[in-house]
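Asker: Sharing start-v2.csv, CSV, N, CA and C atoms:
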chain,number,residue,atom,x,y,z
A,83,MET,N,10.4,2.3,19.8
A,83,MET,CA,9.5,1.2,19.9
A,83,MET,C,10.1,0.0,19.2
A,84,ASP,N,10.1,-1.2,19.7
A,84,ASP,CA,10.5,-2.4,19.1
A,84,ASP,C,9.4,-3.3,18.8
A,85,LEU,N,8.9,-3.4,17.6
A,85,LEU,CA,7.8,-4.2,17.2
A,85,LEU,C,8.2,-5.7,17.0
A,86,GLY,N,9.5,-5.9,16.9
A,86,GLY,CA,10.0,-7.3,16.7
A,86,GLY,C,9.8,-7.7,15.2
A,87,ILE,N,9.9,-6.8,14.3
A,87,ILE,CA,9.6,-7.1,12.9
A,87,ILE,C,10.8,-6.9,12.0
A,88,GLN,N,12.0,-6.9,12.6
A,88,GLN,CA,13.2,-6.8,11.9
A,88,GLN,C,13.3,-8.0,10.9
A,89,GLU,N,13.6,-7.6,9.6
A,89,GLU,CA,13.8,-8.6,8.6
A,89,GLU,C,12.5,-9.3,8.1
A,90,LYS,N,11.3,-8.8,8.6
A,90,LYS,CA,10.0,-9.2,8.1
A,90,LYS,C,9.7,-8.4,6.9
A,91,THR,N,8.9,-9.0,6.0
A,91,THR,CA,8.5,-8.2,4.8
A,91,THR,C,7.1,-7.7,5.0
A,92,ALA,N,6.9,-6.4,4.8
A,92,ALA,CA,5.7,-5.7,4.9
A,92,ALA,C,5.3,-5.1,3.5
A,93,LEU,N,4.0,-5.4,3.1
A,93,LEU,CA,3.5,-4.9,1.9
A,93,LEU,C,2.5,-3.7,2.3
A,94,VAL,N,2.8,-2.5,1.9
A,94,VAL,CA,2.0,-1.4,2.2
A,94,VAL,C,1.4,-0.8,1.0
A,95,MET,N,0.1,-0.9,0.9
A,95,MET,CA,-0.6,-0.4,-0.3
A,95,MET,C,-0.8,1.1,-0.3
A,96,ALA,N,-0.8,1.7,-1.4
A,96,ALA,CA,-1.1,3.1,-1.6
A,96,ALA,C,-0.2,3.9,-0.6
A,97,SER,N,1.2,3.8,-0.8
A,97,SER,CA,2.1,4.3,0.2
A,97,SER,C,3.0,5.4,-0.4
A,98,SER,N,2.6,6.1,-1.4
A,98,SER,CA,3.4,7.2,-1.9
A,98,SER,C,3.2,8.5,-1.2
A,99,GLU,N,2.1,8.6,-0.4
A,99,GLU,CA,1.9,9.8,0.4
A,99,GLU,C,0.9,9.5,1.5
A,100,GLY,N,0.7,10.4,2.4
A,100,GLY,CA,-0.4,10.3,3.4
A,100,GLY,C,-0.1,9.2,4.4
A,101,LEU,N,-1.2,8.5,4.8
A,101,LEU,CA,-1.1,7.5,5.8
A,101,LEU,C,-0.3,6.3,5.4
A,102,GLY,N,-0.4,5.9,4.2
A,102,GLY,CA,0.4,4.8,3.7
A,102,GLY,C,1.9,5.0,3.7
A,103,TYR,N,2.3,6.3,3.3
A,103,TYR,CA,3.7,6.7,3.4
A,103,TYR,C,4.2,6.6,4.8
A,104,ALA,N,3.4,7.2,5.7
A,104,ALA,CA,3.8,7.2,7.2
A,104,ALA,C,4.0,5.8,7.7
A,105,VAL,N,3.1,4.9,7.4
A,105,VAL,CA,3.2,3.5,7.8
A,105,VAL,C,4.4,2.9,7.2
A,106,ALA,N,4.7,3.0,5.9
A,106,ALA,CA,5.8,2.5,5.3
A,106,ALA,C,7.1,3.0,6.0
A,107,ARG,N,7.2,4.3,6.2
A,107,ARG,CA,8.3,4.9,6.8
A,107,ARG,C,8.6,4.3,8.2
A,108,GLN,N,7.5,4.1,9.0
A,108,GLN,CA,7.7,3.6,10.4
A,108,GLN,C,8.1,2.1,10.3
A,109,LEU,N,7.6,1.4,9.4
A,109,LEU,CA,8.0,0.0,9.3
A,109,LEU,C,9.5,-0.2,8.9
A,110,VAL,N,9.9,0.7,8.0
A,110,VAL,CA,11.4,0.8,7.7
A,110,VAL,C,12.2,1.1,8.9
A,111,ALA,N,11.7,2.1,9.7
A,111,ALA,CA,12.4,2.5,10.9
A,111,ALA,C,12.5,1.3,11.9
A,112,GLU,N,11.6,0.4,11.9
A,112,GLU,CA,11.5,-0.8,12.7
A,112,GLU,C,12.4,-1.9,12.2
A,113,GLY,N,13.0,-1.7,11.0
A,113,GLY,CA,13.8,-2.7,10.4
A,113,GLY,C,13.2,-3.7,9.5
A,114,ALA,N,11.9,-3.4,9.1
A,114,ALA,CA,11.2,-4.3,8.1
A,114,ALA,C,11.7,-4.0,6.7
A,115,ARG,N,11.6,-5.0,5.9
A,115,ARG,CA,11.7,-4.9,4.4
A,115,ARG,C,10.3,-4.5,4.0
A,116,VAL,N,10.3,-3.4,3.2
A,116,VAL,CA,8.9,-2.9,2.8
A,116,VAL,C,8.8,-2.8,1.3
A,117,VAL,N,7.6,-3.3,0.9
A,117,VAL,CA,7.2,-3.2,-0.5
A,117,VAL,C,6.1,-2.1,-0.5
A,118,MET,N,6.4,-1.0,-1.3
A,118,MET,CA,5.6,0.2,-1.4
A,118,MET,C,4.8,0.2,-2.7
A,119,THR,N,3.6,0.6,-2.7
A,119,THR,CA,2.8,0.6,-4.0
A,119,THR,C,2.1,2.0,-4.2
A,120,SER,N,1.9,2.2,-5.4
A,120,SER,CA,1.1,3.4,-5.8
A,120,SER,C,0.6,3.2,-7.3
A,121,ARG,N,-0.4,3.8,-7.7
A,121,ARG,CA,-0.8,3.8,-9.1
A,121,ARG,C,0.3,4.4,-10.0
A,122,SER,N,1.0,5.4,-9.4
A,122,SER,CA,2.0,6.1,-10.2
A,122,SER,C,3.4,5.6,-9.9
A,123,SER,N,4.1,5.1,-10.9
A,123,SER,CA,5.5,4.6,-10.6
A,123,SER,C,6.4,5.8,-10.2
A,124,GLU,N,6.2,7.0,-10.8
A,124,GLU,CA,7.0,8.1,-10.4
A,124,GLU,C,6.8,8.5,-9.0
A,125,LYS,N,5.6,8.5,-8.5
A,125,LYS,CA,5.3,8.9,-7.1
A,125,LYS,C,5.9,7.9,-6.1
A,126,ILE,N,5.7,6.6,-6.4
A,126,ILE,CA,6.2,5.6,-5.5
A,126,ILE,C,7.7,5.6,-5.5
A,127,GLU,N,8.4,5.8,-6.6
A,127,GLU,CA,9.8,5.8,-6.6
A,127,GLU,C,10.4,7.0,-5.8
A,128,SER,N,9.7,8.1,-6.0
A,128,SER,CA,10.1,9.3,-5.2
A,128,SER,C,9.9,9.1,-3.7
A,129,ALA,N,8.8,8.6,-3.3
A,129,ALA,CA,8.5,8.3,-1.9
A,129,ALA,C,9.5,7.3,-1.3
A,130,ALA,N,9.8,6.3,-2.1
A,130,ALA,CA,10.8,5.3,-1.6
A,130,ALA,C,12.2,5.9,-1.5
A,131,ALA,N,12.6,6.8,-2.4
A,131,ALA,CA,13.8,7.5,-2.4
A,131,ALA,C,13.9,8.3,-1.1
A,132,ASN,N,12.9,9.0,-0.8
A,132,ASN,CA,12.9,9.9,0.4
A,132,ASN,C,13.1,9.0,1.7
A,133,ILE,N,12.5,7.9,1.8
A,133,ILE,CA,12.7,7.0,3.0
A,133,ILE,C,14.1,6.4,2.9
A,134,ARG,N,14.6,6.0,1.8
A,134,ARG,CA,16.0,5.5,1.7
A,134,ARG,C,17.0,6.5,2.1
A,135,ASN,N,16.7,7.8,1.8
A,135,ASN,CA,17.7,8.9,2.2
A,135,ASN,C,17.7,9.1,3.7
A,136,GLU,N,16.5,8.8,4.3
A,136,GLU,CA,16.4,9.0,5.7
A,136,GLU,C,17.0,7.8,6.5
A,137,PHE,N,16.8,6.6,6.0
A,137,PHE,CA,17.3,5.4,6.7
A,137,PHE,C,18.2,4.7,5.8
A,138,SER,N,19.5,4.8,6.1
A,138,SER,CA,20.5,4.1,5.2
A,138,SER,C,20.4,2.6,5.4
A,139,GLY,N,20.5,1.9,4.3
A,139,GLY,CA,20.4,0.5,4.4
A,139,GLY,C,19.0,0.0,4.4
A,140,ALA,N,18.0,0.9,4.2
A,140,ALA,CA,16.6,0.5,4.1
A,140,ALA,C,16.3,-0.5,2.9
A,141,GLU,N,15.6,-1.5,3.2
A,141,GLU,CA,15.2,-2.5,2.1
A,141,GLU,C,13.8,-2.1,1.6
A,142,ILE,N,13.7,-1.5,0.5
A,142,ILE,CA,12.4,-1.0,0.0
A,142,ILE,C,12.3,-1.5,-1.5
A,143,LEU,N,11.3,-2.1,-1.8
A,143,LEU,CA,10.9,-2.4,-3.2
A,143,LEU,C,9.7,-1.6,-3.5
A,144,THR,N,9.5,-1.3,-4.8
A,144,THR,CA,8.4,-0.6,-5.2
A,144,THR,C,7.7,-1.3,-6.4
A,145,PHE,N,6.3,-1.1,-6.5
A,145,PHE,CA,5.5,-1.7,-7.5
A,145,PHE,C,4.4,-0.8,-7.8
A,146,ALA,N,4.2,-0.4,-9.1
A,146,ALA,CA,3.0,0.4,-9.5
A,146,ALA,C,1.8,-0.6,-9.6
A,147,CYS,N,0.8,-0.2,-8.8
A,147,CYS,CA,-0.3,-1.1,-8.7
A,147,CYS,C,-1.6,-0.3,-8.5
A,148,ASP,N,-2.6,-0.6,-9.2
A,148,ASP,CA,-4.0,0.0,-9.0
A,148,ASP,C,-4.8,-1.0,-8.2
A,149,VAL,N,-4.9,-0.7,-6.9
A,149,VAL,CA,-5.6,-1.7,-6.0
A,149,VAL,C,-7.0,-1.9,-6.3
A,150,SER,N,-7.6,-1.2,-7.2
A,150,SER,CA,-9.0,-1.4,-7.6
A,150,SER,C,-9.1,-2.4,-8.7
A,151,ARG,N,-8.0,-2.9,-9.2
A,151,ARG,CA,-8.1,-3.8,-10.3
A,151,ARG,C,-7.5,-5.2,-9.9
A,152,ALA,N,-8.3,-6.2,-10.0
A,152,ALA,CA,-7.9,-7.6,-9.5
A,152,ALA,C,-6.6,-8.0,-10.2
A,153,GLU,N,-6.5,-7.8,-11.5
A,153,GLU,CA,-5.3,-8.2,-12.3
A,153,GLU,C,-4.1,-7.5,-11.7
A,154,SER,N,-4.2,-6.3,-11.4
A,154,SER,CA,-3.0,-5.5,-10.9
A,154,SER,C,-2.6,-6.1,-9.5
A,155,LEU,N,-3.6,-6.4,-8.7
A,155,LEU,CA,-3.3,-7.0,-7.4
A,155,LEU,C,-2.7,-8.4,-7.5
A,156,GLN,N,-3.1,-9.2,-8.5
A,156,GLN,CA,-2.5,-10.5,-8.7
A,156,GLN,C,-1.0,-10.3,-9.1
A,157,GLN,N,-0.8,-9.3,-10.0
A,157,GLN,CA,0.6,-9.1,-10.4
A,157,GLN,C,1.5,-8.6,-9.2
A,158,LEU,N,0.9,-7.8,-8.4
A,158,LEU,CA,1.6,-7.3,-7.2
A,158,LEU,C,2.0,-8.5,-6.3
A,159,PHE,N,1.1,-9.3,-6.0
A,159,PHE,CA,1.4,-10.4,-5.1
A,159,PHE,C,2.3,-11.4,-5.7
A,160,ALA,N,2.3,-11.6,-7.0
A,160,ALA,CA,3.3,-12.5,-7.7
A,160,ALA,C,4.7,-11.8,-7.6
A,161,PHE,N,4.7,-10.5,-7.7
A,161,PHE,CA,6.0,-9.8,-7.6
A,161,PHE,C,6.6,-10.0,-6.2
A,162,VAL,N,5.7,-9.8,-5.2
A,162,VAL,CA,6.2,-9.9,-3.8
A,162,VAL,C,6.6,-11.3,-3.5
A,163,GLN,N,5.9,-12.3,-4.0
A,163,GLN,CA,6.3,-13.7,-3.8
A,163,GLN,C,7.7,-13.9,-4.4
A,164,GLU,N,7.8,-13.5,-5.6
A,164,GLU,CA,9.1,-13.7,-6.4
A,164,GLU,C,10.3,-13.0,-5.7
A,165,LYS,N,10.1,-11.8,-5.3
A,165,LYS,CA,11.2,-11.0,-4.8
A,165,LYS,C,11.5,-11.2,-3.3
A,166,THR,N,10.5,-11.6,-2.5
A,166,THR,CA,10.8,-11.7,-1.1
A,166,THR,C,10.4,-13.0,-0.5
A,167,GLY,N,9.7,-13.9,-1.2
A,167,GLY,CA,9.2,-15.1,-0.7
A,167,GLY,C,7.8,-15.0,0.0
A,168,GLY,N,7.2,-13.8,-0.1
A,168,GLY,CA,5.9,-13.5,0.4
A,168,GLY,C,6.0,-12.5,1.5
A,169,ALA,N,4.9,-11.8,1.8
A,169,ALA,CA,4.8,-10.8,2.8
A,169,ALA,C,4.3,-11.4,4.1
A,170,ASP,N,4.9,-10.9,5.2
A,170,ASP,CA,4.6,-11.3,6.5
A,170,ASP,C,3.5,-10.4,7.1
A,171,ILE,N,3.5,-9.1,6.6
A,171,ILE,CA,2.6,-8.1,7.1
A,171,ILE,C,1.9,-7.5,5.9
A,172,LEU,N,0.6,-7.3,5.9
A,172,LEU,CA,-0.2,-6.6,4.9
A,172,LEU,C,-0.8,-5.4,5.5
A,173,VAL,N,-0.5,-4.2,4.9
A,173,VAL,CA,-1.2,-3.0,5.4
A,173,VAL,C,-2.1,-2.6,4.2
A,174,GLN,N,-3.3,-2.8,4.3
A,174,GLN,CA,-4.3,-2.5,3.3
A,174,GLN,C,-4.6,-1.0,3.4
A,175,ASN,N,-4.5,-0.3,2.3
A,175,ASN,CA,-4.7,1.1,2.2
A,175,ASN,C,-5.2,1.4,0.8
A,176,ALA,N,-5.9,2.4,0.6
A,176,ALA,CA,-6.3,2.8,-0.8
A,176,ALA,C,-6.3,4.3,-0.9
A,177,GLY,N,-5.9,4.8,-2.1
A,177,GLY,CA,-5.8,6.2,-2.3
A,177,GLY,C,-7.1,6.9,-2.6
A,178,GLY,N,-7.9,7.0,-1.6
A,178,GLY,CA,-9.2,7.7,-1.9
A,178,GLY,C,-10.1,7.4,-0.7
A,179,PRO,N,-11.3,7.8,-0.7
A,179,PRO,CA,-12.0,8.6,-1.6
A,179,PRO,C,-11.6,10.1,-1.6
A,180,PRO,N,-12.1,10.9,-2.5
A,180,PRO,CA,-11.7,12.3,-2.5
A,180,PRO,C,-11.9,12.9,-1.2
A,181,ALA,N,-11.0,13.9,-0.9
A,181,ALA,CA,-11.0,14.6,0.4
A,181,ALA,C,-12.3,15.4,0.5
A,182,GLY,N,-12.8,15.5,1.7
A,182,GLY,CA,-14.0,16.3,2.0
A,182,GLY,C,-14.7,15.8,3.2
A,183,ASP,N,-15.6,16.6,3.7
A,183,ASP,CA,-16.4,16.2,4.9
A,183,ASP,C,-17.6,15.4,4.5
A,184,PHE,N,-18.3,14.9,5.5
A,184,PHE,CA,-19.5,14.0,5.3
A,184,PHE,C,-20.5,14.7,4.4
A,185,GLN,N,-20.8,16.0,4.6
A,185,GLN,CA,-21.8,16.7,3.9
A,185,GLN,C,-21.5,17.0,2.4
A,186,SER,N,-20.2,17.0,2.2
A,186,SER,CA,-19.8,17.4,0.8
A,186,SER,C,-19.9,16.2,-0.2
A,187,MET,N,-20.0,15.0,0.3
A,187,MET,CA,-20.1,13.8,-0.5
A,187,MET,C,-21.6,13.5,-0.8
A,188,THR,N,-22.2,14.4,-1.6
A,188,THR,CA,-23.7,14.2,-1.8
A,188,THR,C,-24.0,13.3,-2.9
A,189,GLU,N,-23.1,13.2,-3.9
A,189,GLU,CA,-23.5,12.3,-5.0
A,189,GLU,C,-23.4,10.9,-4.6
A,190,ASP,N,-24.4,10.1,-5.0
A,190,ASP,CA,-24.4,8.7,-4.7
A,190,ASP,C,-23.1,8.0,-5.3
A,191,SER,N,-22.7,8.5,-6.5
A,191,SER,CA,-21.6,7.9,-7.2
A,191,SER,C,-20.3,8.0,-6.3
A,192,LEU,N,-20.1,9.1,-5.6
A,192,LEU,CA,-18.9,9.3,-4.8
A,192,LEU,C,-18.9,8.3,-3.6
A,193,TRP,N,-20.1,8.0,-3.0
A,193,TRP,CA,-20.2,7.1,-1.9
A,193,TRP,C,-19.9,5.7,-2.5
A,194,GLU,N,-20.5,5.3,-3.6
A,194,GLU,CA,-20.2,4.0,-4.2
A,194,GLU,C,-18.8,3.8,-4.6
A,195,LYS,N,-18.1,4.8,-5.2
A,195,LYS,CA,-16.7,4.7,-5.5
A,195,LYS,C,-15.9,4.5,-4.3
A,196,ALA,N,-16.2,5.3,-3.2
A,196,ALA,CA,-15.4,5.2,-2.0
A,196,ALA,C,-15.6,3.8,-1.4
A,197,PHE,N,-16.8,3.3,-1.4
A,197,PHE,CA,-17.1,2.0,-0.8
A,197,PHE,C,-16.4,0.9,-1.6
A,198,GLU,N,-16.5,1.0,-3.0
A,198,GLU,CA,-15.9,-0.1,-3.8
A,198,GLU,C,-14.4,0.0,-3.7
A,199,LEU,N,-13.8,1.1,-3.7
A,199,LEU,CA,-12.3,1.2,-3.6
A,199,LEU,C,-11.8,0.7,-2.3
A,200,THR,N,-12.4,1.1,-1.2
A,200,THR,CA,-12.0,0.8,0.1
A,200,THR,C,-12.2,-0.7,0.4
A,201,LEU,N,-13.5,-1.1,0.2
A,201,LEU,CA,-13.8,-2.5,0.6
A,201,LEU,C,-13.3,-3.5,-0.4
A,202,MET,N,-13.6,-3.3,-1.7
A,202,MET,CA,-13.2,-4.3,-2.7
A,202,MET,C,-11.7,-4.5,-2.9
A,203,SER,N,-11.0,-3.4,-2.7
A,203,SER,CA,-9.5,-3.6,-2.8
A,203,SER,C,-9.0,-4.4,-1.6
A,204,PHE,N,-9.6,-4.3,-0.5
A,204,PHE,CA,-9.3,-5.1,0.7
A,204,PHE,C,-9.6,-6.6,0.4
A,205,VAL,N,-10.8,-6.8,-0.1
A,205,VAL,CA,-11.2,-8.2,-0.5
A,205,VAL,C,-10.2,-8.8,-1.5
A,206,GLY,N,-9.8,-8.1,-2.5
A,206,GLY,CA,-8.9,-8.6,-3.5
A,206,GLY,C,-7.5,-8.8,-2.9
A,207,SER,N,-7.1,-8.0,-2.0
A,207,SER,CA,-5.8,-8.1,-1.4
A,207,SER,C,-5.8,-9.4,-0.5
A,208,VAL,N,-6.8,-9.5,0.3
A,208,VAL,CA,-6.9,-10.7,1.3
A,208,VAL,C,-6.9,-12.0,0.5
A,209,ASN,N,-7.7,-12.0,-0.6
A,209,ASN,CA,-7.8,-13.2,-1.4
A,209,ASN,C,-6.4,-13.6,-2.0
A,210,ASN,N,-5.6,-12.6,-2.3
A,210,ASN,CA,-4.2,-12.9,-2.8
A,210,ASN,C,-3.2,-13.2,-1.7
A,211,PHE,N,-3.4,-12.6,-0.5
A,211,PHE,CA,-2.5,-12.7,0.6
A,211,PHE,C,-2.5,-14.0,1.2
A,212,VAL,N,-3.7,-14.6,1.4
A,212,VAL,CA,-3.7,-15.9,2.1
A,212,VAL,C,-3.4,-17.1,1.2
Would you write out, as structure tokens, the structure that this file holds?

Answerer:
Amino acid sequence: MDLGIQEKTALVMASSEGLGYAVARQLVAEGARVVMTSRSSEKIESAAANIRNEFSGAEILTFACDVSRAESLQQLFAFVQEKTGGADILVQNAGGPPAGDFQSMTEDSLWEKAFELTLMSFVGSVNNFV
């Protein structure tokens, strides 16, 4: 597939594993420069190394970021601006809520945490992206 994104910069949130990792990997395969994030610097460095090993010449930057914290998002977007001139593509993702089916999330606090993490990290990202 050719998405026409060669040399574009993509910022992929929460990309050390799962869906975020798969998206980052595919964007690299399409020729994009990718900024990968995770709360854990060790996990994101390992994930980026795996993609670099698979795609020689891949342009990948990493940044440890907690997408639930506004200050962390501001630091991330400043880093992206400084290193790449800004992102062309934003893939909003968050590492949660905890795995489980609909019935297993019975505590109100789990629903609230899932809502806040998913929605509010998106709001914070969009506010910094535009």

Asker: Tell me, as number ranges by chain, which residues lie within 12 Å of A:Ile126, counting only C-alpha atoms; anything in the same chain fewer than 5 positions away does not count.

Answerer: A: 94-99, 102-103, 106, 117-121, 131-133, 142-147

Asker: I want to know what sits within 8 Å of A:Ala140, based on only N, CA and C atoms, with residues of the same chain fewer than 5 positions away left out; could you give that as a list in words?

Answerer: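 Answer for this query is Val110, Ala111, Gly113, Ala114, Arg115, Val116, Ile133, Arg134 and Asn135 of chain A.
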
Asker: A:Ala160, A:Leu101, A:Ala92, A:Leu109: which is nearest A:Val173, counting all atoms listed in the file?

Answerer: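 When distances to A:Val173 are compared using all atoms listed in the file, the smallest one comes from A:Ala92.
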
Asker: Since the input lacks atoms, please generate all heavy atoms for stretch 122-132 of chain A and provide them as a tab-separated table (two decimals), in the coordinates of the input.

Answerer:
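The result, written out as result.tsv:
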chain	number	residue	atom	x	y	z
A	122	SER	N	1.00	5.40	-9.40
A	122	SER	CA	2.00	6.10	-10.20
A	122	SER	C	3.40	5.60	-9.90
A	122	SER	O	3.88	5.72	-8.71
A	122	SER	CB	1.92	7.60	-9.83
A	122	SER	OG	3.07	8.31	-10.26
A	123	SER	N	4.10	5.10	-10.90
A	123	SER	CA	5.50	4.60	-10.60
A	123	SER	C	6.40	5.80	-10.20
A	123	SER	O	7.30	5.60	-9.39
A	123	SER	CB	6.03	3.88	-11.84
A	123	SER	OG	6.01	4.70	-12.98
A	124	GLU	N	6.20	7.00	-10.80
A	124	GLU	CA	7.00	8.10	-10.40
A	124	GLU	C	6.80	8.50	-9.00
A	124	GLU	O	7.81	8.76	-8.24
A	124	GLU	CB	6.71	9.32	-11.32
A	124	GLU	CG	7.08	9.14	-12.77
A	124	GLU	CD	6.04	8.36	-13.58
A	124	GLU	OE1	4.87	8.23	-13.13
A	124	GLU	OE2	6.43	7.83	-14.64
A	125	LYS	N	5.60	8.50	-8.50
A	125	LYS	CA	5.30	8.90	-7.10
A	125	LYS	C	5.90	7.90	-6.10
A	125	LYS	O	6.43	8.27	-5.10
A	125	LYS	CB	3.82	9.12	-6.90
A	125	LYS	CG	3.28	10.38	-7.53
A	125	LYS	CD	1.78	10.50	-7.37
A	125	LYS	CE	1.42	10.92	-5.97
A	125	LYS	NZ	-0.02	11.22	-5.81
A	126	ILE	N	5.70	6.60	-6.40
A	126	ILE	CA	6.20	5.60	-5.50
A	126	ILE	C	7.70	5.60	-5.50
A	126	ILE	O	8.33	5.37	-4.39
A	126	ILE	CB	5.56	4.23	-5.75
A	126	ILE	CG1	5.64	3.37	-4.48
A	126	ILE	CG2	6.16	3.52	-6.92
A	126	ILE	CD1	4.94	3.93	-3.29
A	127	GLU	N	8.40	5.80	-6.60
A	127	GLU	CA	9.80	5.80	-6.60
A	127	GLU	C	10.40	7.00	-5.80
A	127	GLU	O	11.33	6.89	-5.07
A	127	GLU	CB	10.37	5.87	-8.05
A	127	GLU	CG	10.20	4.59	-8.83
A	127	GLU	CD	10.93	3.40	-8.23
A	127	GLU	OE1	11.96	3.58	-7.53
A	127	GLU	OE2	10.49	2.27	-8.47
A	128	SER	N	9.70	8.10	-6.00
A	128	SER	CA	10.10	9.30	-5.20
A	128	SER	C	9.90	9.10	-3.70
A	128	SER	O	10.76	9.49	-2.88
A	128	SER	CB	9.28	10.55	-5.68
A	128	SER	OG	9.58	11.68	-4.92
A	129	ALA	N	8.80	8.60	-3.30
A	129	ALA	CA	8.50	8.30	-1.90
A	129	ALA	C	9.50	7.30	-1.30
A	129	ALA	O	10.04	7.56	-0.21
A	129	ALA	CB	7.08	7.77	-1.73
A	130	ALA	N	9.80	6.30	-2.10
A	130	ALA	CA	10.80	5.30	-1.60
A	130	ALA	C	12.20	5.90	-1.50
A	130	ALA	O	12.91	5.67	-0.49
A	130	ALA	CB	10.85	4.10	-2.52
A	131	ALA	N	12.60	6.80	-2.40
A	131	ALA	CA	13.80	7.50	-2.40
A	131	ALA	C	13.90	8.30	-1.10
A	131	ALA	O	15.00	8.41	-0.45
A	131	ALA	CB	14.06	8.31	-3.61
A	132	ASN	N	12.90	9.00	-0.80
A	132	ASN	CA	12.90	9.90	0.40
A	132	ASN	C	13.10	9.00	1.70
A	132	ASN	O	13.88	9.43	2.58
A	132	ASN	CB	11.54	10.61	0.59
A	132	ASN	CG	11.37	11.70	-0.44
A	132	ASN	OD1	12.34	12.20	-1.01
A	132	ASN	ND2	10.13	12.08	-0.69
